[in-house]
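Participant: Sharing a structure below in C-alpha cells format, with a few things to ask.
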Amino acid sequence: MGAKAENAVRPPSLAPSSSFPFPALRTLKLKTKQQELLIRVSALALIYVLAFAVRLFSVLRYESMIHEFDPYFNYRTTLFLTKNGFYEFWNWFDAESWYPLGRIIGGTLFPGLMVTAALIYRALRFLTFAVHIREVCVLTAPFFASNTTLVAYFFGKEIWDAGAGLAAAALIAICPGYISRSVAGSYDNEGVAIFALLLTFYFFVKAVNTGSLAWGLASAFGYFYMVSAWGGYVFIINLVPLYVLVLLITGRYSMRLYVAYNCMYILGMLLAMQIRFVGFQHVQSGEHMAAMGVFFLMQVFYFVDWVKYTLNDPKLFHSFLRITLTCSISVGALALGVGTATGYISPWTGRFYSLLDPTYAKDHIPIIASVSEHQPTAWSSFMFDFHILLFLFPAGLYFCFKRMSDATIFIVMYGLTSMYFAGVMVRLILVATPAVCLISAVAVSATIKNLTTLIRTKSKALQTVSSKGTSSLKASAKASLDQALPFQRNAALALLAGAFYLLSRYAIHCTWVTSEAYSSPSIVLAARGAHGGRVIFDDYREAYFWLRQNTPPDAKVMSWWDYGYQITAMGNRTVIVDNNTWNNTHIATVGRAMSSYEDEAYEIMQSLDVDYVLVVFGGVTGYSSDDINKFLWMVRIGGGVFPVIKEPDYLVNGEYRVDKGAAPKMLNCLMYKLCYYRFGELTTEYGKPTGYDRARGVEIGNKDVKLEYLEEAFTTSNWIVRIYKVKPPKNRW
Amino acid sequence: MEAIRRSIDLSYSFIVDLSMDQIRIDLTSSIVRVFLTLKVENTGASQASDVLLAFPPTEAEHLAIVKASTAEGKRKRKTYVPLSVNPTELPDAPNGARLFSISLRNPLKTGEAAVLEVLYIVTHCLEPFPVEISQSETQFVYYHDSATLLSPYHVMEQITYIKTPNNKVESYTRVDPTNRAGTELRYGLYHDLPPYSYSPIIVHFENNNPFAVVEELVREVEISHWGNLQVREHYKLKHAGARHKGVFSRVEYQSRPSISGVSSFKHLLARLPPRVHSVYYRDEIGNISSSHLRLGSQKSELEIEPRYPLFGGWKATFVIGYGLPLQDFLFESPDGRHYLNFSFGCPLLETVVDELTIKVVLPEGSKNPSSAVPFPVNQQLEVYYDFSPISMLAEPLMLVSAVFLFFIACIAYLHIDLSIRKS
C-alpha cells in the first residue's frame, strides 16, 4: 500500500468527501490519509461487486445458461477438459464436427478460457463447493469483468492518478461495450481476453514507467495469457511495437523502454509459442513481423547510442549512423523480401486485411462479411455502447496531450487505434472500450478535480481573508482572481452538478442497455404475450434435446454453420459444419445443398452421409434471424466456390422475395422447401390468408411444397426449428 | 366333492377350496390392475393359515405389487384389514408357476370360509400391435391372460371381467361362456376347475393411454440438519407403446389433436409431498420452461411437460428437484439415533419405474449408518444414523475463520513494512 500512499497526498477528485470528513469517520479518529484509503478501497470494492451484479440480469430473467453460439463450443470443450484432463483435451480430435473431416480441437483453439474455468472449478471443488461446471462457465465472464475493473483502476492510477483510476474502474464496470460480451452466460474468449489485454498493457506501461525487469516479465506473462485466450492478441503484438516506434521517433527512447520491450517481446514470444494454435506464427507470419522489426530496430538504436557515447565525435558518428541505418534497413528489407518470397513468412491473412480495410471482406471473404458482428459499425451503436464516453473521449485526449508522458502516449495510441478498429467491425468496440473508459476517466477526473479545487480555494481564500485580514501574496493573488470572477464558484458548482447529472445518465443508460439489449441468451426467446404476460419460445432447446434423445447416436446433422456448435453441445450429434469456419469449401458445399433443387441436394447430402437436416424458420413467430433471411449468404458462400449457384437466380430484379413474385429457383430450392413444408396449411395470423409468413410479412409463393427425398422428422412447437430426415436411397429394383 | 390332496411332507398340509372367485381386470391404462375376490373354504382336515396365489411366470416377471386384504365386520362397518403377502415355492408347481402366500389373520378351521380381496398390478404386459404406428393411427395392444384363474386349488366357481378403455376391441379369444358388452368383457361363469387350469386368452384392443415408463430413476435424498431435505430425481422417461413410424407433422398435431398422435402424451403429473418448496424441473441443457405447481395441504401436484410430446419409442431425460421440511421426514428414535423415513415410490402418476436407485446423503459427521428396507412390501425406506448437532457448526465456523483470517492477513499486510530499505 506504500505506492498508494504516495499518490494520496493530493486527495482524489472523485471522492471529494474525503476532504470533508464524515462525522462517523471523525469519531473513528482516522487520519486523512487513512480515510482516503478507506474510501478508495470501499469504493473499489463496491465497483467490484457492481461489475459482477450488473451482469446477472440474464441469470435472473432467464436462468443460469450459456448464451449464443460460440460459448456452446467453449462450454463443450470445458466439459471435456474437466472430465478427461488436460492432456486428453490437448490431443482431442473431434469427430463430431466437420464430418467427415473432423477437427483437431486441441490444436485449433485458444485454450485460455477453458483452462481458466477448469481451474476455477477445481479450486472450488477443492474448497468443497459442489458447483456444477456450467455455473462456473456462466459466471466466468462477470468474474473477469470484476477483475478488469481492478486492473482499470491500477492502470488509471498509472497513467493519471488514483482518482482517474477509480473513475476508470467505475466507467468500465458498467460500460455497455464491455457488458455486451461479458454478461453471465456469455462464456466466450473475449470475457477473459479483455482482462488479459488490459493487464498486459498495464504491466507494460508500468514496466516502461519504472524500467523494472519484474514488470516486463509480468507483462510477458500477461501477454501469454492473452495469447492463450483470444486471437485478438495480434492487436497487442502490433500496438506495442507501434507505440515503441512512436516513442523512438519522438525522441522518448530510454533505457526503461528498452528493458520493458525486449523483456516483454522475447519472453512473450517464447511463451506464446507454447500455444499450439499460435505455434511459430510469431516468427513466420506477416502479422507479427512489425514486432520483430521494432525489436531489431531497438537493438540498432541501442548500439548506435552506445557508439555515440564511445565515439564522442559528432562528425564520425554521423557517417557511422548513415552506414548503420542503410545497412540495417536494407538487411531488414532483404530478410523480409526473402522470407516472403520463399514462403517462410506467410502473407497477411484475409481477416487481417479486413481489419485494415473495411471493404475488403465484402468483396473477398463472404464468410466473414456474413457475420453480423463483423459489419462496419453504425454511429448509433457507438452511441449505444459508449453513451457520454463518446464525448468524454476527446476531452480525455485533450488532457492526455496536455500532460504528455510515456503512459499517456500509450493510452492515446491505444485509444485511437482501437477506435479505428471499432469503426471497422462492430465486435471490436469491445477492444476499444477499455481505452475509451480510461481516457474518459482522465477527462472526468481532471475536470472534477479542477472544479473542486476552484470551489475549495475560493472558500479557503475567504477564510484566510476573514481570519487574518492580511494573507500571503499567493492567497491574496488568488483571492483577487476569485473576486475578479464573481460567479466562478457558482459556475463551478453548476458544472459539477452537470457532470454529476451526465454521469448518472450514463449509469442509467448502461443499466437500461444491459437489461434490455444484452441480457438475452438468444437460445431462449421471450416475447410479450397478448395479455402482457411473458411468452417464452424455447424451441431451440426443444429441437436439440429431441435430436439428443431420439436420433441414433451417430446421426449426422446438416444445418447452416451458425447452429453447428449448439447442435454438438446440446444435441450431442455430429454436424457437417460449425461456427469454426475453418473450411470454406465445406461450408460452401452445405450452402450449395441448401440452395439447390431437392434432387441435386439429395446427391450432395448422400455424399456427406447426412441423416438429418435442420433449418431455423421464423415464419410462425415472426423471428427474423432465421435461415430464410440468411439464405442469400448461403447462396453467396456456395456460389463463391461452386459457380453453378448464381445469386441472380434467387432474386427478382435484384430483390429478394419469398412470395408469389419470387424467382422460380428460390421457390423450389431445398431451403425454401424445408422452411415452408406444409406451412401453406397453417393460419398464422387472424385475418390473413394461410401460409402468411410473419417474419417477412408476406403470403408465401409456394404453398404446395412436396418433398421427395426427405421427410419431416420433427418441428418444434412454434415451428422455429424444423428437422427433416433424409430418406435412404430407393431400391433400384 | 373332490378336493385336491397334497402329500403330507409339504408344509402346506391343508386343503382349501376356492368356492367363488371373481377376477376383475382393469386394462384402462398402461398398467394392468387385477382385483381378485376369493372366497376360500377349508375343506381339508387340518387348519389352514395361508392361502396360495399362483401366477404364470411371464406375468410374475412383471408383477409390481400384490396386496391382499380381508373384510372384517358387518356390512356398514366393514373395514379392510391388510394381510401380508410373501413369495413362496412349491416343488410341484407346474410350468414354473410362481406362488405367493397370503397369511391369514385367523387360521381357517375345517369347513370355515373367508373372503379375501387381492389386488395385483402387472406392468409391461400390454404388448403393442401393430408394433409401429404412424402419427394418425391409434394404438392397439394385446393382452395375454387366462380366462380361468391359475390356482393351486380346486376352483368351484369363477368369473373374469376385463375392462377395456373403450369399446374398440379388435378381437378376443372366446372361452365359452364369453360375452362382451360395451367396455366390459366377461369370461365365465366357469364351474369346477381343477387346480392349475389355464385357458389362454388374447384381447386385442385400443389403448391410447400414455405408456410412460421410467427406464431408470435415480433419487438422491440429501439431509441437512439446518432443516431441509433436498430431493433430486433423475428420470429417463420413455414412451413404451407402439413405436412411432415415419413423419412427425407439427401441423397435423396442432390442428387435429383428436385424431393425430392420440397415443402420444405431452404432460405428466407428479404428486409430491405437501409443503414442498424450491421445485425445479430441468435437464442436461437447462431449465424446461413448462411446468405448473399446485400446492395443497395434503399433497402438492407438479404438472410437467417434457420439451416435446412423446411419441412411441421417444425418450426424454429430466431432473426434478425439490426441498422438503426436514421435520416431516426425519425423526429421532428412542435410542437417540436419527432416522429418515422416506417413500420409495415414484411421484409420477400412472408411470412404471423399471430401475430405481436411491442415494441418501447423510450430513457430514454422521456415524453408523444403517438402513431398513421393507421389501418386498415397497413403501417406506428408513435410514438410521448417529449425528451430533455440533457437526452442524463445522462449516459455518470454517467460513467464519476463513473470513477472519482474510482480515487478519489484510491488517498484517497493511502494517508490515516489507521494503528492504526505508524510502
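Identifiers in this document derive from the order of the C-alpha cells: chains are assigned A, B, ..., residues are numbered from 1 separately in each chain, and ligands are numbered from 1 in order of occurrence.
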Write down, as a PyMOL selection string, each residue of chain B that has any atom within 7 Å of an atom of chain A, counting only C-alpha atoms.

Facilitator: chain B and resi 247-250+285-286+307-308+314-316+414

Participant: If you keep all heavy atoms, can you produce a file of those selected residues as a short mmCIF file (atom, residue, chain, number, x, y, z; two decimals), in the first residue's frame?

Facilitator:
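Listing of selection_37.cif after writing:
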data_model
loop_
_atom_site.label_atom_id
_atom_site.label_comp_id
_atom_site.auth_asym_id
_atom_site.auth_seq_id
_atom_site.Cartn_x
_atom_site.Cartn_y
_atom_site.Cartn_z
N VAL B 247 -43.23 -39.82 -40.43
CA VAL B 247 -43.07 -38.39 -40.17
C VAL B 247 -43.76 -37.98 -38.89
O VAL B 247 -44.69 -38.62 -38.42
CB VAL B 247 -43.66 -37.55 -41.33
CG1 VAL B 247 -42.90 -37.83 -42.59
CG2 VAL B 247 -45.13 -37.83 -41.51
N PHE B 248 -43.24 -36.91 -38.34
CA PHE B 248 -43.96 -36.21 -37.29
C PHE B 248 -44.35 -34.87 -37.89
O PHE B 248 -43.50 -34.05 -38.20
CB PHE B 248 -43.09 -35.99 -36.06
CG PHE B 248 -43.68 -34.97 -35.12
CD1 PHE B 248 -44.81 -35.27 -34.39
CD2 PHE B 248 -43.11 -33.72 -34.99
CE1 PHE B 248 -45.37 -34.33 -33.55
CE2 PHE B 248 -43.66 -32.78 -34.13
CZ PHE B 248 -44.80 -33.09 -33.42
N SER B 249 -45.64 -34.68 -38.06
CA SER B 249 -46.07 -33.43 -38.68
C SER B 249 -46.65 -32.53 -37.61
O SER B 249 -47.63 -32.86 -36.96
CB SER B 249 -47.11 -33.73 -39.75
OG SER B 249 -47.73 -32.53 -40.11
N ARG B 250 -46.03 -31.40 -37.45
CA ARG B 250 -46.49 -30.48 -36.42
C ARG B 250 -47.85 -29.90 -36.79
O ARG B 250 -48.70 -29.70 -35.93
CB ARG B 250 -45.44 -29.39 -36.22
CG ARG B 250 -45.79 -28.30 -35.26
CD ARG B 250 -45.94 -28.78 -33.85
NE ARG B 250 -44.70 -29.12 -33.20
CZ ARG B 250 -44.61 -29.37 -31.89
NH1 ARG B 250 -45.67 -29.32 -31.12
NH2 ARG B 250 -43.45 -29.71 -31.35
N ILE B 285 -29.56 -29.69 -20.59
CA ILE B 285 -29.26 -28.45 -21.31
C ILE B 285 -30.02 -27.27 -20.74
O ILE B 285 -30.07 -26.23 -21.34
CB ILE B 285 -29.51 -28.60 -22.83
CG1 ILE B 285 -30.96 -28.94 -23.11
CG2 ILE B 285 -28.62 -29.66 -23.41
CD1 ILE B 285 -31.28 -28.88 -24.59
N GLY B 286 -30.59 -27.42 -19.58
CA GLY B 286 -31.16 -26.26 -18.92
C GLY B 286 -32.58 -26.47 -18.44
O GLY B 286 -33.10 -27.58 -18.44
N ARG B 307 -40.00 -31.51 -23.05
CA ARG B 307 -39.75 -30.48 -24.07
C ARG B 307 -40.59 -30.71 -25.32
O ARG B 307 -40.93 -29.75 -26.01
CB ARG B 307 -38.28 -30.47 -24.45
CG ARG B 307 -37.40 -29.93 -23.35
CD ARG B 307 -36.01 -29.65 -23.88
NE ARG B 307 -35.13 -29.24 -22.82
CZ ARG B 307 -34.97 -28.00 -22.41
NH1 ARG B 307 -35.66 -27.04 -22.95
NH2 ARG B 307 -34.13 -27.71 -21.43
N TYR B 308 -40.87 -31.95 -25.63
CA TYR B 308 -41.63 -32.26 -26.84
C TYR B 308 -42.61 -33.36 -26.48
O TYR B 308 -42.40 -34.10 -25.54
CB TYR B 308 -40.69 -32.72 -27.96
CG TYR B 308 -39.59 -33.62 -27.48
CD1 TYR B 308 -39.80 -34.97 -27.34
CD2 TYR B 308 -38.35 -33.10 -27.13
CE1 TYR B 308 -38.80 -35.79 -26.87
CE2 TYR B 308 -37.35 -33.92 -26.65
CZ TYR B 308 -37.59 -35.27 -26.53
OH TYR B 308 -36.60 -36.09 -26.05
N TRP B 314 -40.05 -42.63 -28.27
CA TRP B 314 -39.26 -41.44 -27.99
C TRP B 314 -38.88 -41.40 -26.53
O TRP B 314 -39.60 -41.91 -25.67
CB TRP B 314 -40.05 -40.18 -28.37
CG TRP B 314 -40.16 -39.99 -29.84
CD1 TRP B 314 -39.84 -40.89 -30.81
CD2 TRP B 314 -40.63 -38.82 -30.51
NE1 TRP B 314 -40.08 -40.36 -32.05
CE2 TRP B 314 -40.57 -39.10 -31.90
CE3 TRP B 314 -41.10 -37.59 -30.10
CZ2 TRP B 314 -40.95 -38.16 -32.85
CZ3 TRP B 314 -41.49 -36.67 -31.05
CH2 TRP B 314 -41.41 -36.95 -32.41
N LYS B 315 -37.77 -40.74 -26.29
CA LYS B 315 -37.26 -40.70 -24.93
C LYS B 315 -37.08 -39.27 -24.47
O LYS B 315 -36.96 -38.36 -25.28
CB LYS B 315 -35.90 -41.40 -24.86
CG LYS B 315 -35.96 -42.85 -25.10
CD LYS B 315 -34.56 -43.42 -25.16
CE LYS B 315 -34.62 -44.89 -25.51
NZ LYS B 315 -33.30 -45.43 -25.73
N ALA B 316 -37.03 -39.11 -23.20
CA ALA B 316 -36.70 -37.80 -22.63
C ALA B 316 -36.05 -38.04 -21.28
O ALA B 316 -36.43 -38.97 -20.57
CB ALA B 316 -37.95 -36.95 -22.46
N LEU B 414 -1.09 -4.47 5.77
CA LEU B 414 -1.07 -3.01 5.87
C LEU B 414 -0.06 -2.52 6.91
O LEU B 414 0.45 -1.41 6.82
CB LEU B 414 -2.45 -2.49 6.22
CG LEU B 414 -3.45 -2.50 5.06
CD1 LEU B 414 -4.78 -2.00 5.53
CD2 LEU B 414 -2.94 -1.64 3.92
#

Participant: Find the residues near Glu220 (chain B): any atom within 12 Å, counting only C-alpha atoms, skip ones fewer than 5 places away on the same chain, and give them as a PyMOL selection string.

Facilitator: chain B and resi 229-235+319-323+342+344+356-362

Participant: Write a file of the just-selected residues containing C-alpha atoms, as an mmCIF file, in the first residue's frame.

Facilitator:
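See again_12.cif below for the written result:
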data_model
loop_
_atom_site.group_PDB
_atom_site.id
_atom_site.type_symbol
_atom_site.label_atom_id
_atom_site.label_comp_id
_atom_site.auth_asym_id
_atom_site.auth_seq_id
_atom_site.Cartn_x
_atom_site.Cartn_y
_atom_site.Cartn_z
ATOM 1 C CA LEU B 229 -34.389 -32.294 2.904
ATOM 2 C CA GLN B 230 -33.292 -31.892 -0.677
ATOM 3 C CA VAL B 231 -34.521 -34.430 -3.191
ATOM 4 C CA ARG B 232 -33.208 -34.757 -6.703
ATOM 5 C CA GLU B 233 -34.728 -37.258 -9.070
ATOM 6 C CA HIS B 234 -33.120 -38.129 -12.379
ATOM 7 C CA TYR B 235 -35.571 -39.644 -14.800
ATOM 8 C CA VAL B 319 -34.419 -33.937 -13.362
ATOM 9 C CA ILE B 320 -36.979 -32.915 -10.811
ATOM 10 C CA GLY B 321 -35.699 -31.446 -7.614
ATOM 11 C CA TYR B 322 -37.440 -30.116 -4.563
ATOM 12 C CA GLY B 323 -36.904 -29.253 -0.955
ATOM 13 C CA PHE B 342 -38.963 -41.611 3.148
ATOM 14 C CA PHE B 344 -39.654 -45.376 -2.220
ATOM 15 C CA LEU B 356 -34.793 -47.342 -9.078
ATOM 16 C CA THR B 357 -31.723 -46.253 -7.210
ATOM 17 C CA ILE B 358 -31.943 -44.265 -4.031
ATOM 18 C CA LYS B 359 -28.980 -42.437 -2.647
ATOM 19 C CA VAL B 360 -29.258 -40.957 0.785
ATOM 20 C CA VAL B 361 -26.707 -38.299 1.533
ATOM 21 C CA LEU B 362 -26.194 -38.004 5.259
#

Participant: Within 9 Å of Pro306 (chain B), counting only C-alpha atoms, which residues show up once you throw out same-chain ones fewer than 6 positions away? Write them as an MDAnalysis selection string, please.

Facilitator: (chainID A and resid 542) or (chainID B and resid 266:268 288 290:291 316:318)

Participant: Could you pull the residues within 12 Å of Ala60 (chain B), counting only C-alpha atoms, minus those fewer than 2 positions along the same chain, as a VMD selection string?

Facilitator: chain B and resid 53 to 58 62 to 66 87 96 to 100 120 to 125 145 150

Participant: Could you give me, as a list of chain:residue names, the residues within 9 Å of Thr148 (chain B), counting only C-alpha atoms and dropping anything in the same chain fewer than 3 positions from it?

Facilitator: B:Ile23, B:Asp145, B:Ser151, B:Gln158, B:Ile159, B:Thr160, B:Tyr187, B:Gly188, B:Tyr190, B:Leu193, B:Ser197, B:Tyr198, B:Ser199, B:Pro200

Participant: What would the file look like if the residues just selected were written as a CSV table (one decimal), in the first residue's frame with N, CA and C atoms?

Facilitator:
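And here's out35.csv as it stands now:
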chain,number,residue,atom,x,y,z
B,23,ILE,N,-62.6,-62.4,-10.9
B,23,ILE,CA,-61.4,-61.6,-11.3
B,23,ILE,C,-61.9,-60.4,-12.1
B,145,ASP,N,-53.7,-63.4,-21.1
B,145,ASP,CA,-54.0,-63.9,-19.8
B,145,ASP,C,-54.8,-65.2,-19.9
B,151,SER,N,-54.6,-71.4,-10.2
B,151,SER,CA,-54.6,-71.5,-8.8
B,151,SER,C,-54.2,-72.9,-8.4
B,158,GLN,N,-66.0,-69.6,-11.0
B,158,GLN,CA,-65.1,-68.5,-11.3
B,158,GLN,C,-65.6,-67.7,-12.4
B,159,ILE,N,-65.4,-66.4,-12.3
B,159,ILE,CA,-65.8,-65.5,-13.4
B,159,ILE,C,-64.7,-64.4,-13.6
B,160,THR,N,-64.5,-64.0,-14.8
B,160,THR,CA,-63.5,-63.0,-15.1
B,160,THR,C,-64.1,-61.8,-15.8
B,187,TYR,N,-65.8,-63.4,-19.0
B,187,TYR,CA,-65.5,-64.8,-19.2
B,187,TYR,C,-66.1,-65.5,-18.0
B,188,GLY,N,-66.9,-66.5,-18.3
B,188,GLY,CA,-67.5,-67.2,-17.2
B,188,GLY,C,-69.0,-67.2,-17.2
B,190,TYR,N,-67.5,-70.1,-14.8
B,190,TYR,CA,-66.9,-71.5,-15.0
B,190,TYR,C,-67.1,-72.2,-13.7
B,193,LEU,N,-63.2,-76.0,-11.6
B,193,LEU,CA,-62.0,-76.0,-12.4
B,193,LEU,C,-60.9,-76.8,-11.6
B,197,SER,N,-55.6,-75.0,-13.7
B,197,SER,CA,-56.3,-74.9,-15.0
B,197,SER,C,-55.9,-73.6,-15.6
B,198,TYR,N,-55.7,-73.6,-16.9
B,198,TYR,CA,-55.2,-72.4,-17.6
B,198,TYR,C,-55.8,-72.4,-19.0
B,199,SER,N,-56.5,-71.4,-19.3
B,199,SER,CA,-57.0,-71.4,-20.7
B,199,SER,C,-56.7,-70.0,-21.3
B,200,PRO,N,-55.6,-70.0,-22.1
B,200,PRO,CA,-55.1,-68.7,-22.5
B,200,PRO,C,-56.1,-67.9,-23.4

Participant: Residues near Ser212 (chain A), anyone? I mean within 8 Å using only C-alpha atoms, not counting same-chain ones fewer than 4 positions away, as a CSV table (one decimal) with N, CA, C and O atoms, in the first residue's frame.

Facilitator:
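Below you can see around-v1.csv, which holds the result:
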chain,number,residue,atom,x,y,z
A,207,ALA,N,6.1,-1.2,-16.7
A,207,ALA,CA,7.5,-1.6,-17.0
A,207,ALA,C,8.1,-0.4,-17.7
A,207,ALA,O,9.3,-0.1,-17.4
A,208,VAL,N,7.4,0.3,-18.6
A,208,VAL,CA,8.0,1.4,-19.3
A,208,VAL,C,8.3,2.5,-18.3
A,208,VAL,O,9.3,3.2,-18.3
A,216,GLY,N,8.3,-6.0,-16.6
A,216,GLY,CA,8.4,-6.5,-18.0
A,216,GLY,C,8.0,-8.0,-18.1
A,216,GLY,O,7.3,-8.5,-19.0
A,256,ARG,N,14.6,2.4,-19.9
A,256,ARG,CA,13.4,1.8,-19.4
A,256,ARG,C,12.6,1.1,-20.5
A,256,ARG,O,12.2,0.0,-20.4
A,259,VAL,N,14.4,-2.0,-21.8
A,259,VAL,CA,14.2,-3.2,-20.9
A,259,VAL,C,12.8,-3.7,-21.1
A,259,VAL,O,12.6,-4.9,-21.3
A,260,ALA,N,11.8,-2.8,-21.0
A,260,ALA,CA,10.4,-3.3,-21.0
A,260,ALA,C,10.1,-4.0,-22.3
A,260,ALA,O,9.6,-5.1,-22.3
